[in-house]
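> If you scroll down you'll find the structure; I have some questions about it.
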Amino acid sequence: MTASTAPVRHFLRDDDLSPAEQREVLELGLGFREDRFIRTPLRGPQAVALIFDKPSTRTRVSFSAGVAELGGYPLTIDGATSQLGRGEPIADTARVLDRQTSAIVWRTFGQERIEEMARVASVPVVNALTDEFHPCQILADLLTVAQLRGGVGALAGTSLVYLGDGANNMAHSYLLGGATAGMHVRIGAPAQYLPDPAIVADAERIARETGGSVLVTSDALEAARGADVVATDTWVSMGDEASAAERELPFVPYQVNAEVMAVAAPDALVLHCLPAYRGKEITAEVIDGPQSAVWDEAENRLHAQKALLTWLLERS
Ligand code: CP
Ligand code: NVA
């Protein structure tokens with residue numbers, strides 16, 4: 001549905017936005033927070049395909065509401081009951097969707113699947129979570145820190161610690177998205193669940209440009225010491241259910257609890273992408289306590305994704 005000859009922009013991983021581009025999207029996100037209807041690039045209406053191969057509450061609701069608020073029509077597709085679920089090639093699906101929609105938002109398994117969709121689609125493809133990355137979530141997290149800590153300009157130099165499963169999509173996206181924002185990103189994770197070294201190397205390269213830094217350690221308290229933002233995520237991501245029992249024990253020292261908060265900065269913000277498992281990766285006292293920003297974070301999915309879609313559509 002695109003008329004432009006400019007190469008289409010996709011958002012498949014956090015570093016698909018340069019530092020300057022990420023700032024533009026976040027500024028626009030703060031604008032949408034102030035006024036839900038400042039821009040309506042989809043007025044028409046134009047359909048946006050939202051495909052889910054995995055469960056979702058926040059992503060499905062925020063993209064559905066967001067597309068409608070941008071003037072478009074959200075077309076929510078359950079991957080399992082579409083022909084994708086019966087093995088239709090991703091490339092063929094891309095060729096069908098891009099003749100009838102303005103953008104494709106996809107939650108799926110391996111990153112290579114969404115990369116294949118983007119290789120063929122002539123409309124923006126957005127990663128709504130893969131096994132490797134959850135970049136829309138990190139945009140919302142950054143927006144939350146900007147909202148509560150003095151604007152987008154305040155992100156650079158802020159320290160963010162993520163404790164728990166260092167090998168999952170959230171850890172990888174904090175590394176890339178946080179480094180892009182010029183943050184000091186620290187991952188505290190058990191030795192057998194550390195981030196992909198290639199992604200750590202990418203984050204280090206970005207951090208050298210932005211003035212941020214990257215630390216990966218198995219010492220949870222070292223990672224958390226003085227941190228301005230304390231984040232965590234489930235120990236059992238979607239797709240990891242078969243290994244749930246063996247995952248429990250190694251993660252116990254990485255729980256976000258009062259002991260961790262005592263070594264973080266006194267006014268540290270607490271983030272969790274949700275759904276949360278109280279008593280596992282985070283205590284009820286912390287996630288339901290005064291430093292928790294998780295409900296603003298969940299709301300900011302809407303504003304951040306509207307900003308992202310607007311930014312991508314205006315360039316495609
Ligand atoms: N945080 C997040 O992506 O939530 P859902 O799985 O509910 O979409
Ligand atoms: N790491 C989690 C994030 C859920 C929003 C998962 O992939 O299940």
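Residues in the structure tokens are numbered from 1 in each chain, the chains being A, B, ... in the order shown, and ligands are numbered from 1 in the order shown.
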Using only C-alpha atoms and all ligand atoms, which residues have at least one atom no more than 6 Å from ligand 1? Output them as a list in words.
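If we count only C-alpha atoms and all ligand atoms, the neighbours of ligand 1 turn out to be Ser56, Thr57, Arg58, Thr59, Arg60, Cys273 and Leu274 of chain A.
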> If you keep N, CA and C atoms, can you produce a file of those selected residues as a short mmCIF file (atom, residue, chain, number, x, y, z; two decimals), in the first residue's frame?

```cif
data_model
loop_
_atom_site.label_atom_id
_atom_site.label_comp_id
_atom_site.auth_asym_id
_atom_site.auth_seq_id
_atom_site.Cartn_x
_atom_site.Cartn_y
_atom_site.Cartn_z
N SER A 56 -0.79 -12.84 24.13
CA SER A 56 -0.51 -11.42 24.41
C SER A 56 -1.73 -10.76 25.01
N THR A 57 -1.50 -9.89 25.96
CA THR A 57 -2.55 -8.97 26.43
C THR A 57 -2.16 -7.54 26.05
N ARG A 58 -1.06 -7.04 26.63
CA ARG A 58 -0.66 -5.64 26.44
C ARG A 58 -0.38 -5.29 24.98
N THR A 59 0.36 -6.15 24.30
CA THR A 59 0.77 -5.82 22.94
C THR A 59 -0.44 -5.78 22.02
N ARG A 60 -1.32 -6.76 22.21
CA ARG A 60 -2.51 -6.84 21.37
C ARG A 60 -3.42 -5.62 21.60
N CYS A 273 8.04 -5.70 32.29
CA CYS A 273 7.21 -5.63 31.08
C CYS A 273 5.83 -6.24 31.30
N LEU A 274 5.72 -7.13 32.30
CA LEU A 274 4.48 -7.87 32.61
C LEU A 274 4.20 -8.89 31.51
#
```
> Return as a tab-separated table (two decimals) with N, CA and C atoms, in the first residue's frame every polymer residue, whether protein, DNA or RNA, with at least one atom no more than 8 Å from an atom of ligand 2; count only C-alpha atoms and all ligand atoms.

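Once everything was written out, this is result10.tsv:
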```tsv
chain	number	residue	atom	x	y	z
A	56	SER	N	-0.79	-12.84	24.13
A	56	SER	CA	-0.51	-11.42	24.41
A	56	SER	C	-1.73	-10.76	25.01
A	129	LEU	N	7.54	-8.85	19.42
A	129	LEU	CA	8.23	-9.82	20.29
A	129	LEU	C	8.61	-11.04	19.46
A	130	THR	N	9.89	-11.34	19.55
A	130	THR	CA	10.39	-12.62	19.04
A	130	THR	C	11.14	-13.30	20.18
A	131	ASP	N	11.64	-14.49	19.92
A	131	ASP	CA	12.45	-15.16	20.96
A	131	ASP	C	13.67	-14.30	21.32
A	134	HIS	N	12.44	-7.79	22.07
A	134	HIS	CA	11.10	-7.21	22.32
A	134	HIS	C	11.25	-5.68	22.24
A	137	GLN	N	8.65	-3.02	23.52
A	137	GLN	CA	8.60	-2.92	24.97
A	137	GLN	C	9.68	-1.97	25.48
A	168	ASN	N	17.22	-13.87	27.41
A	168	ASN	CA	15.90	-13.76	26.75
A	168	ASN	C	15.77	-12.46	25.95
A	169	ASN	N	14.58	-12.32	25.34
A	169	ASN	CA	14.32	-11.17	24.47
A	169	ASN	C	14.43	-9.83	25.22
A	170	MET	N	13.98	-9.75	26.46
A	170	MET	CA	14.03	-8.48	27.19
A	170	MET	C	15.47	-8.08	27.47
A	233	ASP	N	12.14	-9.57	34.43
A	233	ASP	CA	11.17	-10.20	33.54
A	233	ASP	C	10.98	-11.63	34.04
A	234	THR	N	9.97	-12.28	33.53
A	234	THR	CA	9.71	-13.66	33.92
A	234	THR	C	10.95	-14.54	33.72
A	235	TRP	N	11.06	-15.55	34.57
A	235	TRP	CA	12.16	-16.52	34.41
A	235	TRP	C	11.81	-17.57	33.36
A	236	VAL	N	10.54	-17.61	32.97
A	236	VAL	CA	10.10	-18.63	32.00
A	236	VAL	C	9.36	-17.92	30.86
A	237	SER	N	10.09	-17.60	29.83
A	237	SER	CA	9.48	-16.91	28.69
A	237	SER	C	8.59	-17.87	27.90
A	238	MET	N	7.74	-17.28	27.05
A	238	MET	CA	6.89	-18.09	26.17
A	238	MET	C	7.78	-18.95	25.28
A	239	GLY	N	7.55	-20.24	25.33
A	239	GLY	CA	8.39	-21.17	24.58
A	239	GLY	C	9.36	-21.92	25.48
A	273	CYS	N	8.04	-5.70	32.29
A	273	CYS	CA	7.21	-5.63	31.08
A	273	CYS	C	5.83	-6.24	31.30
A	274	LEU	N	5.72	-7.13	32.30
A	274	LEU	CA	4.48	-7.87	32.61
A	274	LEU	C	4.20	-8.89	31.51
A	275	PRO	N	3.58	-10.00	31.79
A	275	PRO	CA	3.01	-10.39	33.08
A	275	PRO	C	4.11	-10.72	34.11
```
> Compile the contact shell of range 223-229 of chain A as number ranges by chain: residues with an atom at most 7 Å away, counting only C-alpha atoms, same-chain residues fewer than 2 positions apart removed.
A: 158-161, 186-188, 217, 219-221, 231, 260, 263-265, 268-270
> Put those residues in a file: N, CA and C atoms, as a CSV table (one decimal), in the first residue's frame.

```
chain,number,residue,atom,x,y,z
A,158,THR,N,21.8,7.6,32.3
A,158,THR,CA,21.0,6.9,33.3
A,158,THR,C,21.5,5.4,33.4
A,159,SER,N,21.6,4.9,34.6
A,159,SER,CA,22.0,3.5,34.7
A,159,SER,C,20.8,2.6,34.9
A,160,LEU,N,20.7,1.5,34.1
A,160,LEU,CA,19.6,0.5,34.2
A,160,LEU,C,20.1,-0.8,34.4
A,161,VAL,N,19.6,-1.5,35.4
A,161,VAL,CA,20.0,-2.9,35.7
A,161,VAL,C,18.8,-3.8,35.4
A,186,ARG,N,23.3,-2.7,32.6
A,186,ARG,CA,24.0,-3.8,33.3
A,186,ARG,C,23.0,-5.0,33.4
A,187,ILE,N,23.5,-6.1,33.0
A,187,ILE,CA,22.7,-7.3,33.1
A,187,ILE,C,23.3,-8.2,34.2
A,188,GLY,N,22.5,-8.6,35.1
A,188,GLY,CA,22.9,-9.5,36.2
A,188,GLY,C,22.1,-10.8,36.0
A,217,THR,N,27.3,-9.4,34.2
A,217,THR,CA,27.9,-10.0,35.4
A,217,THR,C,26.9,-11.1,36.0
A,219,ASP,N,27.0,-11.3,39.3
A,219,ASP,CA,26.8,-10.8,40.7
A,219,ASP,C,25.7,-9.8,40.7
A,220,ALA,N,24.5,-10.2,41.2
A,220,ALA,CA,23.3,-9.4,41.1
A,220,ALA,C,23.5,-8.1,41.9
A,221,LEU,N,24.1,-8.1,43.1
A,221,LEU,CA,24.2,-6.9,43.9
A,221,LEU,C,25.2,-5.9,43.2
A,231,ALA,N,15.1,-3.4,36.5
A,231,ALA,CA,14.1,-4.1,35.7
A,231,ALA,C,14.3,-5.6,35.8
A,260,VAL,N,17.8,-6.0,46.9
A,260,VAL,CA,18.3,-5.4,45.7
A,260,VAL,C,18.0,-3.9,45.7
A,263,VAL,N,20.3,-1.5,47.6
A,263,VAL,CA,21.7,-1.1,47.0
A,263,VAL,C,21.5,-0.3,45.8
A,264,ALA,N,20.3,-0.3,45.2
A,264,ALA,CA,20.0,0.6,44.0
A,264,ALA,C,20.0,2.0,44.5
A,265,ALA,N,19.9,3.0,43.5
A,265,ALA,CA,19.7,4.4,43.9
A,265,ALA,C,18.4,4.5,44.8
A,268,ALA,N,15.3,4.8,42.8
A,268,ALA,CA,15.3,4.0,41.6
A,268,ALA,C,13.9,3.7,41.2
A,269,LEU,N,13.6,3.7,39.8
A,269,LEU,CA,12.4,3.2,39.3
A,269,LEU,C,12.4,1.7,39.1
A,270,VAL,N,11.3,1.1,39.3
A,270,VAL,CA,11.2,-0.4,39.0
A,270,VAL,C,10.3,-0.6,37.8
```
> What parts of range 110-195 of chain A does DSSP call strand (DSSP E)? I'd like the answer as an MDAnalysis selection string.
chainID A and resid 125:127 159:163 184:188
> Extract, using only C-alpha atoms, all DNA, RNA and protein residues at most 12 Å from Ile104 in chain A, discarding same-chain residues fewer than 3 positions from it, and format them as a PyMOL selection string.
chain A and resi 1+9-12+46-52+63+67+74-77+93-101+107+114+117-118+120-128+309+312-313
> Keeping only N, CA and C atoms, write those residues as a compact mmCIF listing (two decimals), in the first residue's frame.

```
# COMPACT_ATOMS: atom_id res chain seq x y z
N MET A 1 0.84 -1.21 0.00
CA MET A 1 0.00 0.00 0.00
C MET A 1 0.87 1.26 0.00
N ARG A 9 11.10 1.34 5.92
CA ARG A 9 11.77 1.16 7.21
C ARG A 9 11.02 0.14 8.04
N HIS A 10 11.76 -0.78 8.64
CA HIS A 10 11.18 -1.78 9.53
C HIS A 10 11.72 -1.57 10.94
N PHE A 11 11.11 -2.20 11.92
CA PHE A 11 11.62 -2.16 13.29
C PHE A 11 11.63 -3.60 13.80
N LEU A 12 12.75 -4.27 13.53
CA LEU A 12 12.86 -5.69 13.84
C LEU A 12 13.68 -5.92 15.11
N GLN A 46 -6.92 2.81 7.04
CA GLN A 46 -5.98 1.85 6.46
C GLN A 46 -5.75 0.73 7.47
N ALA A 47 -5.79 -0.48 6.98
CA ALA A 47 -5.65 -1.63 7.87
C ALA A 47 -4.19 -1.84 8.27
N VAL A 48 -3.96 -2.26 9.49
CA VAL A 48 -2.65 -2.70 9.96
C VAL A 48 -2.83 -4.14 10.45
N ALA A 49 -2.04 -5.06 9.91
CA ALA A 49 -2.12 -6.46 10.32
C ALA A 49 -1.36 -6.66 11.62
N LEU A 50 -2.02 -7.25 12.59
CA LEU A 50 -1.40 -7.57 13.89
C LEU A 50 -1.47 -9.09 14.02
N ILE A 51 -0.34 -9.76 13.84
CA ILE A 51 -0.36 -11.23 13.83
C ILE A 51 0.28 -11.73 15.13
N PHE A 52 -0.40 -12.66 15.78
CA PHE A 52 0.11 -13.19 17.05
C PHE A 52 0.28 -14.70 16.96
N PHE A 63 -1.56 -2.16 20.49
CA PHE A 63 -1.50 -1.97 19.04
C PHE A 63 -2.91 -1.80 18.46
N VAL A 67 -3.64 1.69 16.68
CA VAL A 67 -3.94 1.79 15.24
C VAL A 67 -5.27 2.52 15.06
N PRO A 74 -7.29 -1.90 12.94
CA PRO A 74 -6.44 -3.02 13.36
C PRO A 74 -7.06 -4.36 12.95
N LEU A 75 -6.28 -5.15 12.27
CA LEU A 75 -6.74 -6.45 11.79
C LEU A 75 -5.97 -7.51 12.56
N THR A 76 -6.56 -8.01 13.65
CA THR A 76 -5.84 -8.92 14.53
C THR A 76 -5.98 -10.35 14.03
N ILE A 77 -4.85 -11.01 13.82
CA ILE A 77 -4.83 -12.35 13.22
C ILE A 77 -4.16 -13.31 14.19
N THR A 93 2.85 -14.92 2.47
CA THR A 93 1.98 -14.15 3.37
C THR A 93 2.31 -12.66 3.26
N ALA A 94 3.60 -12.34 3.23
CA ALA A 94 4.03 -10.93 3.12
C ALA A 94 3.46 -10.31 1.85
N ARG A 95 3.52 -11.05 0.74
CA ARG A 95 3.06 -10.50 -0.56
C ARG A 95 1.55 -10.25 -0.56
N VAL A 96 0.82 -11.07 0.21
CA VAL A 96 -0.63 -10.88 0.29
C VAL A 96 -0.94 -9.70 1.21
N LEU A 97 -0.30 -9.67 2.38
CA LEU A 97 -0.63 -8.62 3.35
C LEU A 97 -0.23 -7.25 2.85
N ASP A 98 0.90 -7.14 2.16
CA ASP A 98 1.36 -5.79 1.85
C ASP A 98 0.56 -5.14 0.72
N ARG A 99 -0.31 -5.91 0.06
CA ARG A 99 -1.21 -5.29 -0.92
C ARG A 99 -2.49 -4.76 -0.28
N GLN A 100 -2.69 -5.10 1.00
CA GLN A 100 -3.97 -4.74 1.62
C GLN A 100 -3.82 -4.03 2.95
N THR A 101 -2.60 -3.89 3.42
CA THR A 101 -2.41 -3.25 4.73
C THR A 101 -1.29 -2.21 4.63
N ARG A 107 4.10 -10.86 16.28
CA ARG A 107 4.71 -11.54 17.43
C ARG A 107 4.92 -12.99 17.02
N ILE A 114 10.71 -13.05 11.23
CA ILE A 114 10.29 -11.67 10.97
C ILE A 114 11.25 -11.01 9.98
N MET A 117 9.90 -11.93 6.65
CA MET A 117 8.72 -11.11 6.33
C MET A 117 9.18 -9.74 5.82
N ALA A 118 10.15 -9.15 6.53
CA ALA A 118 10.60 -7.80 6.17
C ALA A 118 11.34 -7.78 4.83
N VAL A 120 10.56 -9.28 2.22
CA VAL A 120 9.62 -9.33 1.10
C VAL A 120 8.59 -8.20 1.16
N ALA A 121 8.19 -7.80 2.37
CA ALA A 121 7.09 -6.84 2.50
C ALA A 121 7.51 -5.46 2.01
N SER A 122 6.56 -4.76 1.37
CA SER A 122 6.84 -3.39 0.93
C SER A 122 6.22 -2.37 1.88
N VAL A 123 5.71 -2.84 3.01
CA VAL A 123 5.21 -1.94 4.06
C VAL A 123 6.04 -2.21 5.33
N PRO A 124 6.06 -1.26 6.29
CA PRO A 124 6.84 -1.48 7.50
C PRO A 124 6.44 -2.75 8.24
N VAL A 125 7.44 -3.50 8.69
CA VAL A 125 7.23 -4.68 9.53
C VAL A 125 7.76 -4.34 10.92
N VAL A 126 6.96 -4.62 11.93
CA VAL A 126 7.31 -4.27 13.32
C VAL A 126 7.35 -5.54 14.17
N ASN A 127 8.42 -5.66 14.93
CA ASN A 127 8.58 -6.81 15.83
C ASN A 127 7.78 -6.59 17.12
N ALA A 128 6.74 -7.38 17.30
CA ALA A 128 5.92 -7.28 18.51
C ALA A 128 6.34 -8.33 19.54
N LEU A 309 4.81 3.74 14.86
CA LEU A 309 4.07 3.53 13.59
C LEU A 309 4.00 4.82 12.79
N LEU A 312 7.43 5.43 11.25
CA LEU A 312 7.72 4.50 10.14
C LEU A 312 6.87 4.82 8.92
N LEU A 313 5.58 5.07 9.14
CA LEU A 313 4.67 5.32 8.01
C LEU A 313 5.03 6.62 7.30
```
> Using only C-alpha atoms, which of the listed residues (A:Arg315, A:Arg247, A:Arg39, A:Lys54) sits closest to Gly72 in chain A?
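Counting only C-alpha atoms, the residue closest to Gly72 in chain A is A:Arg39.
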> Between A:Asp15, A:Asp296, A:Asp92, A:Glu246, single out the one closest to Arg33 in chain A, counting only C-alpha atoms.
A:Asp296
> Tell me, which residues of range 148-232 of chain A carry DSSP helix (DSSP H, G or I), written as a PyMOL selection string?
chain A and resi 148+152-154+169-180+191-193+197-210+220-224
> Got a sec: who's within 9 Å of range 85-89 of chain A, counting only C-alpha atoms, leaving out chain neighbours fewer than 6 positions off, as a list in words?
Asp53, Asp78 and Gly79 of chain A
> Which residue out of A:Leu176, A:Leu302, A:Ile38, A:Met261 has the minimum interatomic distance to Glu204 in chain A when only C-alpha atoms are used?
A:Leu176
